[in-house]
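> My structure is below; once you've seen it, I'll send some questions.
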Number of protein chains: 2
Amino acid sequence: MSYDPRPGMSVQEIDTPALILDLDDLEYNLQTMSRFFAGKAVGLRPHSKTHKCPQIAQRQLEAGAIGITCAKLGEAEVMARAGIQNILIANQVTGAVKLDRLADLARTCNLTVAVDDAEGVRQLGETCRAAGVKVGVLVEVNIGMGRCGVEPDEPALRLARQVLDQPGLVFEGLMGYEGHLVLIPDLQERTEKVAAAIGLLQSSKDLLERHGIPVRIVSGGGTGTYDLTAGCAPITEIQAGSYVFMDATYANIRPEFRVSMTMLTSVVSRPEPKHIVVDAGLKTITKEFGLPTLLGVAGSMRYLSEEHAVIDLAEPDAVQLKAGDKVFMLPSHCCTTTNLHDVLHVVRGGKLVDLWPVAARGHSQ
Amino acid sequence: MSYDPRPGMSVQEIDTPALILDLDDLEYNLQTMSRFFAGKAVGLRPHSKTHKCPQIAQRQLEAGAIGITCAKLGEAEVMARAGIQNILIANQVTGAVKLDRLADLARTCNLTVAVDDAEGVRQLGETCRAAGVKVGVLVEVNIGMGRCGVEPDEPALRLARQVLDQPGLVFEGLMGYEGHLVLIPDLQERTEKVAAAIGLLQSSKDLLERHGIPVRIVSGGGTGTYDLTAGCAPITEIQAGSYVFMDATYANIRPEFRVSMTMLTSVVSRPEPKHIVVDAGLKTITKEFGLPTLLGVAGSMRYLSEEHAVIDLAEPDAVQLKAGDKVFMLPSHCCTTTNLHDVLHVVRGGKLVDLWPVAARGHSQ
């Protein structure tokens, strides 16, 4: 018997470990987000880092997204080759090799990139001018996360002016990411802190405009804050990513979306009645946000090793699982888990309907 | 300028993030391990889960290894296709789809697999008999890790007899993994605990042989215990993996090997003099054994996010690094970090000499 996963196959026949994407739940999430943005001035530019999959990016655009966000130049190249026309790389792109690729990419799509450094702006501008292309630029502002970004106000104004001095660059606006706030459990606290952080983008925008620099785009937000951030005055674009798949972490704070992506695993061993071992470990599912959650079986995960998850069963006598049987798990972090896989097994009504490559996986340069 | 990494290129020209493998250091590690096993009755069967790379497996065999170990059936298929002839899958393989593939694989190489369950033995035996192949079998014994494996002594004897009842299977011996002991820092404590754990394999072997069952192979050990475990009476094979690359964790307890694999990263931002941000995050380097270590720059890593590492510099005034400059990092866990990459950039004397695909990455089924 050769294994050939094809449409019509039952989900239980899919070999493991395997990422399973329920198309009904994915579509529900796309529609839920689409309804939220319908009629609003602010647009959704979903972050493709979550899925790295052109088929999903296309569906996000069909559901009303104004473009997509990428983390890496290599990911943007994959998306552009798949026909995506409007791409924001929400990070700094540095080094001569990448800047040349970025200029090449700008010939094939409408491309915008983040900057936070005068020398970086100079090199990017020179490369684009020499290549005869125009690239959109957002000045990244540190709104409290303390990772990348210039400080708000005067430093943002200074860098925006440097962008305006470069004929190869088009100053589009500002970007800030409130990544330090997206998982605050308490809604009121999250709301207040988001408003304060986005206030730093507002004051920077005001300063630029007082100096005659129009700020067309202000980009920010994640799945944990999309509605709060979208309600803040200066924001024009939201970069939410995880809402398409969800995970155990976001499920706690975002009940309006459904879990669409799970991992199918097989029991490889039940050496004693009280514990099972399944074939998903750190090389196929991640744990930086906590251990994965077992679905449909009462038990607690003891640990993940490289290729095993060891699970203590809460009611061993009530569980018939034996080696070869299948068990679903919910990742604690969908973005890094997808990054470990080459393919999404797309199912509807318990049947396989398609295989979607995680085409931008590994394109980390 | 198109980027085309080719022999002769300086390591500093390699685009980032990139895994860099120093061939001199790799060869040093291969020779060091080879010298340890020279003239001993116990052999080295290196675990290829660390590198997933046929070019390295071949060099391990050329350096005297008696075969290789794989974690997954899919990895074993990749190694066999690359011409590796003697393979141990050191895990249980379950489910009809995989058992059929395993029988197919047994036609192309000398294959051994671990078992720990009577029903698993029955299904494996049936499949191999029906396919007309013979597969070697090691009974996995739980020697204290509490993951997979039957209990020592009577349960091991019982399962060995069930293997002997299957005409498609060849009972080869026992396997135990002291994974819970490989990172004990104190050498004396590690030595004593390893001896006690391997004693459980000895008593099981003795029991089988008293019942007339020859135990040809007893397999165990890792990089943290290879010398200790190899010195225990019953052991015939050692499964060490990480010694080829090393990492920050093993470097503390295994000074006889050199770090051969590092990660080259680029600074993407230095928003203030005191901190830099580089382009390696959780999607390219792992942290379950701790954050990676910066090489050549005094500083401490604040955190890894998906695509960024944020580093606080110890002496900002003494560090000239700016966006686009390159920095090396040492992973805390080489096995899971390699699993995030498609290629190893092989260098010697600071020049690129080859690109070796991590060919078995993603073959987790």
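Residues in the structure tokens are named by chain (A, B, ... in the order shown) and by number from 1 within that chain; ligands are numbered from 1 in the order shown.
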Please identify all polymer residues within 6 Å of segment 67-73 of chain A, counting only C-alpha atoms, omitting same-chain residues fewer than 3 positions from it, and present them as a list in words.

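Listed by chain and then number, they are Arg45, Pro46, His47, Ser48, Lys49, Ala76, Asn86, Ile87, Leu88, Ile89 and Ala90 of chain A.
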
> Residues as selected, C-alpha atoms, written as a PDB file, in the first residue's frame, can you do that?


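selection.pdb, freshly written:
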```
ATOM      1  CA  ARG A  45      -3.130  43.924   5.920  1.00  0.00           C
ATOM      2  CA  PRO A  46      -2.790  40.405   7.375  1.00  0.00           C
ATOM      3  CA  HIS A  47       0.611  39.218   8.502  1.00  0.00           C
ATOM      4  CA  SER A  48       1.560  36.213   6.397  1.00  0.00           C
ATOM      5  CA  LYS A  49       4.253  35.114   8.886  1.00  0.00           C
ATOM      6  CA  ALA A  76       7.819  38.575   0.188  1.00  0.00           C
ATOM      7  CA  ASN A  86       0.700  44.644  -2.550  1.00  0.00           C
ATOM      8  CA  ILE A  87       3.266  43.744   0.099  1.00  0.00           C
ATOM      9  CA  LEU A  88       4.620  45.389   3.250  1.00  0.00           C
ATOM     10  CA  ILE A  89       7.848  43.958   4.698  1.00  0.00           C
ATOM     11  CA  ALA A  90       7.311  45.023   8.307  1.00  0.00           C
TER      12      ALA A  90
END
```

> Do a neighbour search on segment 138-149 of chain A at 9 Å with only C-alpha atoms, toss out local chain neighbours closer than 4 positions, and write the hits as number ranges by chain.

A: 90-92, 112-117, 153, 155-156, 159-160, 163, 170-181, 196-201, 204, 217-219; B: 268-271, 275-277, 308-310

> Rank B:Ser260, B:Gln162, B:Thr223, B:Gln12 by their smallest atom-to-atom distance to Val327 of chain B, using only C-alpha atoms, and report the top residue only.

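Looking at the shortest contact to Val327 of chain B, the residue is B:Gln12.
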
> Hey, list the chain A side of the contact with chain B: 7 Å cut-off, only C-alpha atoms, answer as a CSV table (one decimal) with C-alpha atoms, in the first residue's frame.


```
chain,number,residue,atom,x,y,z
A,1,MET,CA,0.0,0.0,0.0
A,3,TYR,CA,0.5,6.4,0.9
A,15,ASP,CA,-0.2,10.1,8.2
A,16,THR,CA,1.4,11.9,11.2
A,17,PRO,CA,2.6,14.2,12.5
A,92,GLN,CA,14.3,46.5,8.3
A,93,VAL,CA,16.1,45.0,5.3
A,94,THR,CA,19.9,45.4,5.6
A,95,GLY,CA,23.0,44.5,3.7
A,97,VAL,CA,22.8,41.5,-1.1
A,100,ASP,CA,19.6,44.5,-4.4
A,120,GLY,CA,19.8,52.2,6.3
A,147,ARG,CA,13.0,46.2,19.9
A,148,CYS,CA,13.4,48.1,16.7
A,149,GLY,CA,12.2,51.6,15.8
A,150,VAL,CA,13.2,55.2,16.3
A,268,VAL,CA,3.7,5.4,19.3
A,269,SER,CA,3.8,3.8,22.7
A,271,PRO,CA,4.3,1.4,27.9
A,277,VAL,CA,3.7,8.8,23.9
A,283,LYS,CA,10.8,19.4,15.8
A,310,VAL,CA,4.8,12.3,26.8
A,323,ALA,CA,0.0,2.4,19.5
A,324,GLY,CA,-1.1,3.5,16.0
A,336,THR,CA,6.3,29.0,15.0
A,339,ASN,CA,7.3,27.2,10.4
A,340,LEU,CA,8.3,23.6,11.2
A,341,HIS,CA,6.1,22.1,8.4
A,342,ASP,CA,6.2,21.9,4.6
A,362,GLY,CA,12.7,28.4,5.1
A,364,SER,CA,14.3,33.4,6.2
A,365,GLN,CA,16.9,35.5,4.3
```

> When you look at Ser34 of chain B with a cut-off of 10 Å (counting only C-alpha atoms), what residues show up, excluding the ones that are within fewer than 6 positions of it in the same chain? I need them as a PDB file with C-alpha atoms, in the first residue's frame.


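To be explicit, this is the file written out as out03.pdb:
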```
ATOM      1  CA  TYR B  28      38.310  17.269  14.417  1.00  0.00           C
ATOM      2  CA  GLY B  43      30.931   0.593  18.092  1.00  0.00           C
ATOM      3  CA  LEU B  44      29.636   4.068  17.221  1.00  0.00           C
ATOM      4  CA  GLN B  60      30.819   9.447  10.058  1.00  0.00           C
ATOM      5  CA  LEU B  61      30.906   6.052   8.324  1.00  0.00           C
ATOM      6  CA  GLU B  62      34.264   6.853   6.720  1.00  0.00           C
ATOM      7  CA  ALA B  63      35.517   7.728  10.218  1.00  0.00           C
ATOM      8  CA  GLY B  64      34.634   4.237  11.412  1.00  0.00           C
ATOM      9  CA  ALA B  65      30.962   4.324  12.430  1.00  0.00           C
TER      10      ALA B  65
END
```

> Based on DSSP run over this structure's backbone, return all residues of segment 93-273 of chain A in strand (DSSP E or B), as an MDAnalysis selection string.

chainID A and resid 110:115 135:141 150 169:175 217:220 237:238 261:272

> Quick one: residues within 8 Å of Ala359 of chain B, only C-alpha atoms, excluding same-chain residues fewer than 2 positions away - as a VMD selection string?

chain B and resid 52 to 54 78 342 357 361

> Rounded to one decimal, what separation in Å do you get between atom CA of Ile285 of chain A and atom CA of Asp247 of chain A?

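So the answer is 11.6 Å.
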
> Got a sec: who's within 9 Å of Leu21 of chain B, counting only C-alpha atoms, leaving out chain neighbours fewer than 6 positions off, as a ChimeraX atom specification?

/B:245,260-263,344-348

> Within segment 122-287 of chain A, find each residue whose DSSP state, derived from the backbone, is helix (DSSP H, G or I), and express the selection as a ChimeraX atom specification.

/A:122-131,154-164,187-210,226-230,242-244,248-251

> Find the residues around Cys109 of chain B up to 10 Å (only C-alpha atoms counted), leave out those fewer than 6 positions away in its own chain, and share them as a ChimeraX atom specification.

/B:76-77,79-81,83-87,135

> Take the residues just selected and output them with N, CA, C and O atoms as a compact mmCIF listing (two decimals), in the first residue's frame.


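selection.txt was written with the following content:
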```
# COMPACT_ATOMS: atom_id res chain seq x y z
N ALA B 76 15.16 7.96 7.70
CA ALA B 76 15.85 6.74 7.25
C ALA B 76 15.71 6.57 5.74
O ALA B 76 16.66 6.16 5.06
N GLU B 77 14.54 6.90 5.20
CA GLU B 77 14.35 6.82 3.74
C GLU B 77 15.32 7.74 3.00
O GLU B 77 15.90 7.37 1.98
N MET B 79 18.22 8.85 4.09
CA MET B 79 19.59 8.34 4.24
C MET B 79 19.82 7.12 3.34
O MET B 79 20.89 6.99 2.73
N ALA B 80 18.84 6.24 3.26
CA ALA B 80 19.00 5.05 2.40
C ALA B 80 19.10 5.46 0.94
O ALA B 80 19.93 4.92 0.19
N ARG B 81 18.28 6.42 0.53
CA ARG B 81 18.36 6.89 -0.87
C ARG B 81 19.74 7.49 -1.17
O ARG B 81 20.20 7.45 -2.31
N GLY B 83 22.41 6.29 -0.10
CA GLY B 83 23.38 5.21 -0.16
C GLY B 83 23.84 4.65 1.18
O GLY B 83 24.69 3.77 1.22
N ILE B 84 23.27 5.14 2.27
CA ILE B 84 23.64 4.62 3.59
C ILE B 84 23.03 3.21 3.72
O ILE B 84 21.83 3.03 3.50
N GLN B 85 23.84 2.24 4.10
CA GLN B 85 23.42 0.84 4.02
C GLN B 85 22.96 0.23 5.34
O GLN B 85 22.30 -0.80 5.35
N ASN B 86 23.32 0.83 6.47
CA ASN B 86 23.06 0.18 7.75
C ASN B 86 22.41 1.20 8.69
O ASN B 86 23.06 2.14 9.15
N ILE B 87 21.12 1.02 8.93
CA ILE B 87 20.33 2.06 9.61
C ILE B 87 19.51 1.47 10.76
O ILE B 87 18.80 0.48 10.59
N VAL B 135 13.32 -7.68 8.96
CA VAL B 135 13.73 -6.44 9.63
C VAL B 135 14.30 -6.80 11.00
O VAL B 135 13.70 -7.61 11.74
```

> Looking at B:Val353, B:Val215, B:Leu294, B:Leu169, which one is nearest to Val11 of chain B, with distances taken over only C-alpha atoms?

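Ranking B:Val353, B:Val215, B:Leu294, B:Leu169 by distance to Val11 of chain B, first place goes to B:Val353.
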
> I want to know what sits within 9 Å of Thr293 of chain B, based on only C-alpha atoms, with residues of the same chain fewer than 2 positions away left out; could you give that as a PyMOL selection string?

chain B and resi 248+290-291+295+300-301+328-332

> Can you write out the residues you just picked, keeping N, CA and C atoms, as a PDB file, in the first residue's frame?


```
ATOM      1  N   ALA B 248      26.055  25.297  22.894  1.00  0.00           N
ATOM      2  CA  ALA B 248      26.420  25.928  24.169  1.00  0.00           C
ATOM      3  C   ALA B 248      26.178  24.984  25.342  1.00  0.00           C
ATOM      4  N   GLY B 290      17.877  27.175  26.530  1.00  0.00           N
ATOM      5  CA  GLY B 290      18.405  28.487  26.894  1.00  0.00           C
ATOM      6  C   GLY B 290      18.600  29.347  25.666  1.00  0.00           C
ATOM      7  N   LEU B 291      18.751  30.637  25.881  1.00  0.00           N
ATOM      8  CA  LEU B 291      18.962  31.549  24.758  1.00  0.00           C
ATOM      9  C   LEU B 291      20.321  31.281  24.111  1.00  0.00           C
ATOM     10  N   LEU B 295      28.748  35.448  20.029  1.00  0.00           N
ATOM     11  CA  LEU B 295      30.180  35.174  19.952  1.00  0.00           C
ATOM     12  C   LEU B 295      30.921  36.447  19.533  1.00  0.00           C
ATOM     13  N   SER B 300      24.315  40.589  26.539  1.00  0.00           N
ATOM     14  CA  SER B 300      23.386  39.546  26.959  1.00  0.00           C
ATOM     15  C   SER B 300      22.118  39.650  26.115  1.00  0.00           C
ATOM     16  N   MET B 301      21.607  38.472  25.746  1.00  0.00           N
ATOM     17  CA  MET B 301      20.410  38.468  24.924  1.00  0.00           C
ATOM     18  C   MET B 301      19.203  38.703  25.811  1.00  0.00           C
ATOM     19  N   PHE B 328      28.194  36.385  14.878  1.00  0.00           N
ATOM     20  CA  PHE B 328      27.983  34.942  15.051  1.00  0.00           C
ATOM     21  C   PHE B 328      27.284  34.652  16.377  1.00  0.00           C
ATOM     22  N   MET B 329      26.453  33.614  16.342  1.00  0.00           N
ATOM     23  CA  MET B 329      25.796  33.114  17.549  1.00  0.00           C
ATOM     24  C   MET B 329      26.047  31.626  17.678  1.00  0.00           C
ATOM     25  N   LEU B 330      26.073  31.158  18.914  1.00  0.00           N
ATOM     26  CA  LEU B 330      26.176  29.730  19.192  1.00  0.00           C
ATOM     27  C   LEU B 330      24.815  29.238  19.696  1.00  0.00           C
ATOM     28  N   PRO B 331      24.188  28.278  18.989  1.00  0.00           N
ATOM     29  CA  PRO B 331      22.901  27.759  19.470  1.00  0.00           C
ATOM     30  C   PRO B 331      23.068  27.058  20.818  1.00  0.00           C
ATOM     31  N   SER B 332      21.991  27.035  21.601  1.00  0.00           N
ATOM     32  CA  SER B 332      22.000  26.259  22.844  1.00  0.00           C
ATOM     33  C   SER B 332      21.637  24.802  22.573  1.00  0.00           C
TER      34      SER B 332
END
```
